[in-house]
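Asks: Following this message is one structure expressed as structure tokens.
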Amino acid sequence: MNLNIDTNFIREIKELVNSAKQRVVTSINIAMVYTYYEIGRRIVEQEQKGLNRAEYGTELLYQLSIELSKEFGKGYSVHNLKLFRKFFLVYQKRETVFLQSKIINNFKTKTLSYNNSKKQIGQPLVDQSKINDIFDNYPITSDGHRFFLNWASYILLMRIKDPNERSFYEIECYNSNWSFRELKRQIDSCLYERLSLSRDKEGVLDLSRRGHIIEKPIDVLKEPFVLEFLDLDEKERYSENDLETEILNKIQYFMLELGKGFTFVKRQMRLTFNDKHYHADLVFYNRFLRCFVIIDLKIGEVTHQDIGQMQMYVNYYDRFIKTIDENKTIGILLCKDKDDAIVRLTLPEDNNQIFAAKYETILPSKDEFVKLIKDNN
């Protein structure tokens with residue numbers, strides 16, 4: 001089929017590419033994201049002019065690929081052009097204004113918090129008046145969209161069918177400054193689904209609009225925690241000490257799995273009273289909740305004795321360690337298995353300090369997470 005493509009159409013595409021190459025943005029990669037979106041738009045609009053859309057679209061992409069490759073080299077294969085088209089079709093319908101305002105407001109909040117901390121020690125502040133200039137570096141597409149991530153990240157995000165889930169990862173990736181590898185790991189480990197388990201419908205919707213905001217103790221909980229990076233599934237048997245040691249050997253990955261705001265304090269923190277010594281496995285501090293977080297590791301099913309011991313640790317920290325301006329200590333029993341009835345009956349009804357959460361040493365499949373969600377609802 002010899003298709004006569006509108007020369008103005010080809011010229012517009014070439015101008016888009018040239019414009020992107022010449023424009024100084026935060027990075028070339030971000031600049032090209034905008035270009036790919038606009039190329040996708042032009043392709044969709046041009047395809048809609050064809051009488052036989054399937055046949056016309058195939059030939060259109062083939063000839064466009066030839067023309068662009070001649071002038072700009074690699075990167076404009078038919079496969080990539082299909083990705084550009086899909087990018088436009090997926091992202092043209094997102095909640096543009098809401099999503100962008102949340103990202104910008106989160107950035108402003110972080111900057112304000114940073115400035116407040118620097119005021120106390122007399123260090124230079126970030127100029128608040130420059131914040132809008134920072135976001136002016138992210139152009140607006142012709143239909144009012146801004147993009148904050150690189151192209152590789154959007155290729156990952158386009159695979160997610162649920163727009164709420166996709167929005168959550170886009171916000172989290174930007175706010176948490178995830179690398180491509182970290183984003184992929186969070187998607188593969190179904191972070192959105194795991195956070196959804198402990199939330200009602202409104203809370204799940206809030207995840208898609210605000211990202212993971214830590215405001216209360218329950219917000220740090222995931223069900224389950226996924227520790228596949230420890231490679232413990234390769235061992236037939238392992239002890240609690242093995243589990244703790246592997247976590248410390250890969251503390252960076254464990255901190256990523258814990259979530260936002262965590263700082264490692266100490267392992268095997270000794271608590272002494274009445275000439276008896278006790279040891280909390282891992283102690284962290286969360287700057288968002290402004291409290292200590294004690295984690296005890298259990299390779300089997302958590303018992304009511306384990307819960308009682310954690311209550312003792314939490315009480316000790318609240319009475320002897322935390323300062324007046326800090327919030328109450330949180331305790332997390334990270335266990336291989338648990339009986340929810342035992343946990344509920346052992347803890348007071350108004351409990352908001354001690355939690356039992358399961359962990360997995362292998363990465364469950366998406367279907368397994370979906371089943372888990374249904375079983376817990």
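In the structure tokens, chains take the letters A, B, ... in the order shown, each chain's residues start at 1, and ligands count up from 1 in the order shown.
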Within 9 Å of region 257-271 of chain A, which residues of region 144-249 of chain A come that close, and what is the closest atom pair and distance in Å for each? Count only C-alpha atoms and give it as CSV.
Replies:
```
residue,atom,partner,partner_atom,distance
A:Ser176,CA,A:Lys260,CA,7.7
A:Gln186,CA,A:Glu257,CA,8.3
A:Leu191,CA,A:Glu257,CA,8.9
A:His212,CA,A:Lys260,CA,8.4
A:Ile213,CA,A:Lys260,CA,8.6
A:Ile214,CA,A:Lys260,CA,7.6
A:Val220,CA,A:Gly259,CA,7.1
A:Leu221,CA,A:Leu258,CA,8.3
A:Lys222,CA,A:Leu258,CA,8.4
A:Phe225,CA,A:Glu257,CA,7.2
A:Val226,CA,A:Glu257,CA,7.3
A:Leu227,CA,A:Glu257,CA,7.8
A:Glu244,CA,A:Arg267,CA,8.5
A:Leu248,CA,A:Arg267,CA,8.5
```
Asks: Filtering to C-alpha atoms, could you give me those residues as a JSON list (two decimals), in the first residue's frame?
Replies:
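Contents of out.json, as written:
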```
[["chain", "number", "residue", "atom", "x", "y", "z"],
["A", 176, "SER", "CA", 9.91, 9.71, 47.15],
["A", 186, "GLN", "CA", 7.29, -1.29, 44.35],
["A", 191, "LEU", "CA", 2.63, -1.73, 47.24],
["A", 212, "HIS", "CA", 1.07, 7.43, 50.75],
["A", 213, "ILE", "CA", 0.69, 10.08, 53.45],
["A", 214, "ILE", "CA", 1.81, 9.03, 56.94],
["A", 220, "VAL", "CA", 3.06, 2.59, 58.37],
["A", 221, "LEU", "CA", 1.47, -0.85, 58.18],
["A", 222, "LYS", "CA", 1.55, -3.06, 55.09],
["A", 225, "PHE", "CA", 5.70, -6.80, 54.17],
["A", 226, "VAL", "CA", 7.68, -8.30, 51.28],
["A", 227, "LEU", "CA", 11.30, -9.22, 52.03],
["A", 244, "GLU", "CA", 17.76, -9.91, 61.61],
["A", 248, "LEU", "CA", 20.86, -5.35, 58.54]]
```
Asks: In region 270-330 of chain A, what's strand (DSSP E or B) per DSSP? Answer as a PyMOL selection string?
Replies: chain A and resi 270-273+276-286+291-301+330
Asks: Selected residues, N, CA and C atoms, written as an mmCIF file, in the first residue's frame, please.
Replies:
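Ended up saving to out01.cif:
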```
data_model
loop_
_atom_site.group_PDB
_atom_site.id
_atom_site.type_symbol
_atom_site.label_atom_id
_atom_site.label_comp_id
_atom_site.auth_asym_id
_atom_site.auth_seq_id
_atom_site.Cartn_x
_atom_site.Cartn_y
_atom_site.Cartn_z
ATOM 1 N N ARG A 270 19.028 -2.778 74.277
ATOM 2 C CA ARG A 270 18.861 -3.391 75.596
ATOM 3 C C ARG A 270 17.963 -2.542 76.487
ATOM 4 N N LEU A 271 16.991 -3.196 77.113
ATOM 5 C CA LEU A 271 16.098 -2.560 78.068
ATOM 6 C C LEU A 271 16.298 -3.265 79.402
ATOM 7 N N THR A 272 16.643 -2.523 80.439
ATOM 8 C CA THR A 272 16.976 -3.127 81.725
ATOM 9 C C THR A 272 16.102 -2.562 82.838
ATOM 10 N N PHE A 273 15.502 -3.451 83.612
ATOM 11 C CA PHE A 273 14.799 -3.050 84.829
ATOM 12 C C PHE A 273 14.702 -4.265 85.746
ATOM 13 N N LYS A 276 16.999 -7.214 85.204
ATOM 14 C CA LYS A 276 16.753 -8.119 84.082
ATOM 15 C C LYS A 276 16.952 -7.371 82.772
ATOM 16 N N HIS A 277 17.510 -8.062 81.797
ATOM 17 C CA HIS A 277 17.797 -7.441 80.510
ATOM 18 C C HIS A 277 16.893 -8.026 79.425
ATOM 19 N N TYR A 278 16.366 -7.136 78.610
ATOM 20 C CA TYR A 278 15.553 -7.535 77.457
ATOM 21 C C TYR A 278 16.123 -6.816 76.226
ATOM 22 N N HIS A 279 15.891 -7.400 75.069
ATOM 23 C CA HIS A 279 16.460 -6.826 73.844
ATOM 24 C C HIS A 279 15.405 -6.711 72.746
ATOM 25 N N ALA A 280 15.164 -5.491 72.310
ATOM 26 C CA ALA A 280 14.275 -5.258 71.164
ATOM 27 C C ALA A 280 15.087 -5.462 69.892
ATOM 28 N N ASP A 281 14.559 -6.238 68.951
ATOM 29 C CA ASP A 281 15.340 -6.608 67.757
ATOM 30 C C ASP A 281 15.825 -5.390 66.974
ATOM 31 N N LEU A 282 14.889 -4.555 66.539
ATOM 32 C CA LEU A 282 15.239 -3.402 65.705
ATOM 33 C C LEU A 282 14.460 -2.173 66.181
ATOM 34 N N VAL A 283 15.149 -1.058 66.278
ATOM 35 C CA VAL A 283 14.488 0.191 66.674
ATOM 36 C C VAL A 283 14.723 1.235 65.590
ATOM 37 N N PHE A 284 13.628 1.884 65.174
ATOM 38 C CA PHE A 284 13.676 2.952 64.177
ATOM 39 C C PHE A 284 13.014 4.202 64.753
ATOM 40 N N TYR A 285 13.164 5.295 64.026
ATOM 41 C CA TYR A 285 12.439 6.521 64.364
ATOM 42 C C TYR A 285 11.774 7.016 63.089
ATOM 43 N N ASN A 286 10.501 7.416 63.191
ATOM 44 C CA ASN A 286 9.796 7.949 62.024
ATOM 45 C C ASN A 286 9.571 9.448 62.213
ATOM 46 N N CYS A 291 7.943 9.608 66.326
ATOM 47 C CA CYS A 291 7.928 8.591 67.384
ATOM 48 C C CYS A 291 8.902 7.472 67.050
ATOM 49 N N PHE A 292 9.250 6.704 68.093
ATOM 50 C CA PHE A 292 10.068 5.509 67.895
ATOM 51 C C PHE A 292 9.180 4.382 67.374
ATOM 52 N N VAL A 293 9.791 3.496 66.570
ATOM 53 C CA VAL A 293 9.098 2.320 66.056
ATOM 54 C C VAL A 293 9.958 1.107 66.371
ATOM 55 N N ILE A 294 9.428 0.223 67.216
ATOM 56 C CA ILE A 294 10.152 -0.991 67.609
ATOM 57 C C ILE A 294 9.640 -2.162 66.782
ATOM 58 N N ILE A 295 10.560 -2.913 66.183
ATOM 59 C CA ILE A 295 10.175 -4.076 65.378
ATOM 60 C C ILE A 295 10.777 -5.330 66.000
ATOM 61 N N ASP A 296 9.938 -6.298 66.299
ATOM 62 C CA ASP A 296 10.388 -7.593 66.780
ATOM 63 C C ASP A 296 10.115 -8.630 65.690
ATOM 64 N N LEU A 297 11.079 -9.503 65.441
ATOM 65 C CA LEU A 297 11.005 -10.460 64.347
ATOM 66 C C LEU A 297 10.620 -11.838 64.860
ATOM 67 N N LYS A 298 9.642 -12.479 64.211
ATOM 68 C CA LYS A 298 9.185 -13.812 64.590
ATOM 69 C C LYS A 298 9.125 -14.689 63.339
ATOM 70 N N ILE A 299 9.828 -15.823 63.363
ATOM 71 C CA ILE A 299 9.858 -16.680 62.176
ATOM 72 C C ILE A 299 8.671 -17.640 62.141
ATOM 73 N N GLY A 300 7.882 -17.653 63.209
ATOM 74 C CA GLY A 300 6.702 -18.511 63.249
ATOM 75 C C GLY A 300 5.450 -17.685 63.456
ATOM 76 N N GLU A 301 4.444 -18.293 64.076
ATOM 77 C CA GLU A 301 3.186 -17.593 64.341
ATOM 78 C C GLU A 301 3.322 -16.768 65.614
ATOM 79 N N ILE A 330 5.478 3.112 68.671
ATOM 80 C CA ILE A 330 4.748 2.095 67.911
ATOM 81 C C ILE A 330 5.533 0.785 67.966
#
```
Asks: Please report, as a ChimeraX atom specification, each residue of region 120-292 of chain A to which DSSP assigns alpha helix (DSSP H) when run on this structure's backbone.
Replies: /A:131-136,151-157,163-175,180-188,191-196,201-210,240-249,251-258
Asks: By how many Å are CA of Glu47 (chain A) and CA of Leu149 (chain A) apart?
Replies: 27.6 Å
Asks: What gap, in Å, lies between CA of Asn80 (chain A) and CA of Asn177 (chain A)?
Replies: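 CA of Asn177 (chain A) lies 25.8 Å from CA of Asn80 (chain A).
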Asks: Find the residues near Asp339 (chain A): any atom within 10 Å, counting only C-alpha atoms, skip ones fewer than 2 places away on the same chain, and give them as a ChimeraX atom specification.
Replies: /A:301-304,337,341-344,356
Asks: Which value, in Å to one decimal, gives the distance between CA of Leu256 (chain A) and CA of Arg185 (chain A)?
Replies: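 For CA of Leu256 (chain A) relative to CA of Arg185 (chain A), the distance reads 9.9 Å.
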Asks: Within 8 Å of Met310 (chain A), counting only C-alpha atoms, which residues qualify if same-chain residues fewer than 6 places away don't, as a VMD selection string?
Replies: chain A and resid 296 331 to 333 354
Asks: Grab the residues selected above and save them as a PDB file, in the first residue's frame with N, CA and C atoms.
Replies:
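Generated output (result_16.pdb):
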```
ATOM      1  N   ASP A 296       9.938  -6.298  66.299  1.00  0.00           N
ATOM      2  CA  ASP A 296      10.388  -7.593  66.780  1.00  0.00           C
ATOM      3  C   ASP A 296      10.115  -8.630  65.690  1.00  0.00           C
ATOM      4  N   GLY A 331       4.830  -0.313  68.119  1.00  0.00           N
ATOM      5  CA  GLY A 331       5.458  -1.628  68.093  1.00  0.00           C
ATOM      6  C   GLY A 331       4.895  -2.469  66.956  1.00  0.00           C
ATOM      7  N   ILE A 332       5.774  -3.089  66.176  1.00  0.00           N
ATOM      8  CA  ILE A 332       5.342  -3.943  65.066  1.00  0.00           C
ATOM      9  C   ILE A 332       5.957  -5.328  65.248  1.00  0.00           C
ATOM     10  N   LEU A 333       5.109  -6.329  65.342  1.00  0.00           N
ATOM     11  CA  LEU A 333       5.554  -7.721  65.378  1.00  0.00           C
ATOM     12  C   LEU A 333       5.540  -8.231  63.944  1.00  0.00           C
ATOM     13  N   ILE A 354       0.292  -1.000  68.832  1.00  0.00           N
ATOM     14  CA  ILE A 354       0.943  -2.298  68.571  1.00  0.00           C
ATOM     15  C   ILE A 354       0.226  -3.023  67.445  1.00  0.00           C
TER      16      ILE A 354
END
```
Asks: Of the residues A:Asn315, A:Thr141, A:Asn164, A:Asn175, which is the one nearest to Tyr36 (chain A), using only C-alpha atoms?
Replies: A:Thr141
Asks: Residues within 10 Å of Leu205 (chain A), please, as a ChimeraX atom specification. Count only C-alpha atoms; anything in the same chain fewer than 6 positions from it doesn't count.
Replies: /A:164-165,168,196,199,211
Asks: Mind writing the picked residues with C-alpha atoms as a short mmCIF file (atom, residue, chain, number, x, y, z; two decimals), in the first residue's frame?
Replies:
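Once everything was written out, this is part08.cif:
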```cif
data_model
loop_
_atom_site.label_atom_id
_atom_site.label_comp_id
_atom_site.auth_asym_id
_atom_site.auth_seq_id
_atom_site.Cartn_x
_atom_site.Cartn_y
_atom_site.Cartn_z
CA ASN A 164 -6.13 5.05 40.54
CA GLU A 165 -3.24 2.65 41.05
CA PHE A 168 -0.63 6.49 43.16
CA SER A 196 -5.15 -0.78 50.39
CA ARG A 199 -8.01 1.15 54.31
CA GLY A 211 -0.02 9.12 47.53
#
```
Asks: Would you list the contacts of Leu347 (chain A) as a ChimeraX atom specification, taking every protein, DNA or RNA residue within 10 Å and counting only C-alpha atoms, but skipping same-chain residues closer than 6 positions in sequence?
Replies: /A:304,307-308,311,353-355
Asks: For the selection you just gave me, I'd like the residues written to a file as an mmCIF file, in the first residue's frame, keeping N, CA and C atoms.
Replies:
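See selection_27.cif below for the written result:
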```cif
data_model
loop_
_atom_site.group_PDB
_atom_site.id
_atom_site.type_symbol
_atom_site.label_atom_id
_atom_site.label_comp_id
_atom_site.auth_asym_id
_atom_site.auth_seq_id
_atom_site.Cartn_x
_atom_site.Cartn_y
_atom_site.Cartn_z
ATOM 1 N N HIS A 304 0.343 -14.700 72.067
ATOM 2 C CA HIS A 304 -0.069 -13.631 72.972
ATOM 3 C C HIS A 304 1.093 -13.228 73.887
ATOM 4 N N ILE A 307 3.017 -10.618 72.009
ATOM 5 C CA ILE A 307 2.311 -9.337 72.051
ATOM 6 C C ILE A 307 2.521 -8.664 73.406
ATOM 7 N N GLY A 308 2.462 -9.471 74.490
ATOM 8 C CA GLY A 308 2.695 -8.922 75.820
ATOM 9 C C GLY A 308 4.097 -8.366 75.972
ATOM 10 N N GLN A 311 4.270 -5.073 74.232
ATOM 11 C CA GLN A 311 3.615 -4.060 75.053
ATOM 12 C C GLN A 311 4.577 -3.524 76.116
ATOM 13 N N GLN A 353 -1.167 1.398 68.895
ATOM 14 C CA GLN A 353 0.284 1.418 69.071
ATOM 15 C C GLN A 353 0.968 0.119 68.656
ATOM 16 N N ILE A 354 0.292 -1.000 68.832
ATOM 17 C CA ILE A 354 0.943 -2.298 68.571
ATOM 18 C C ILE A 354 0.226 -3.023 67.445
ATOM 19 N N PHE A 355 1.025 -3.521 66.493
ATOM 20 C CA PHE A 355 0.461 -4.180 65.317
ATOM 21 C C PHE A 355 1.243 -5.457 65.017
#
```
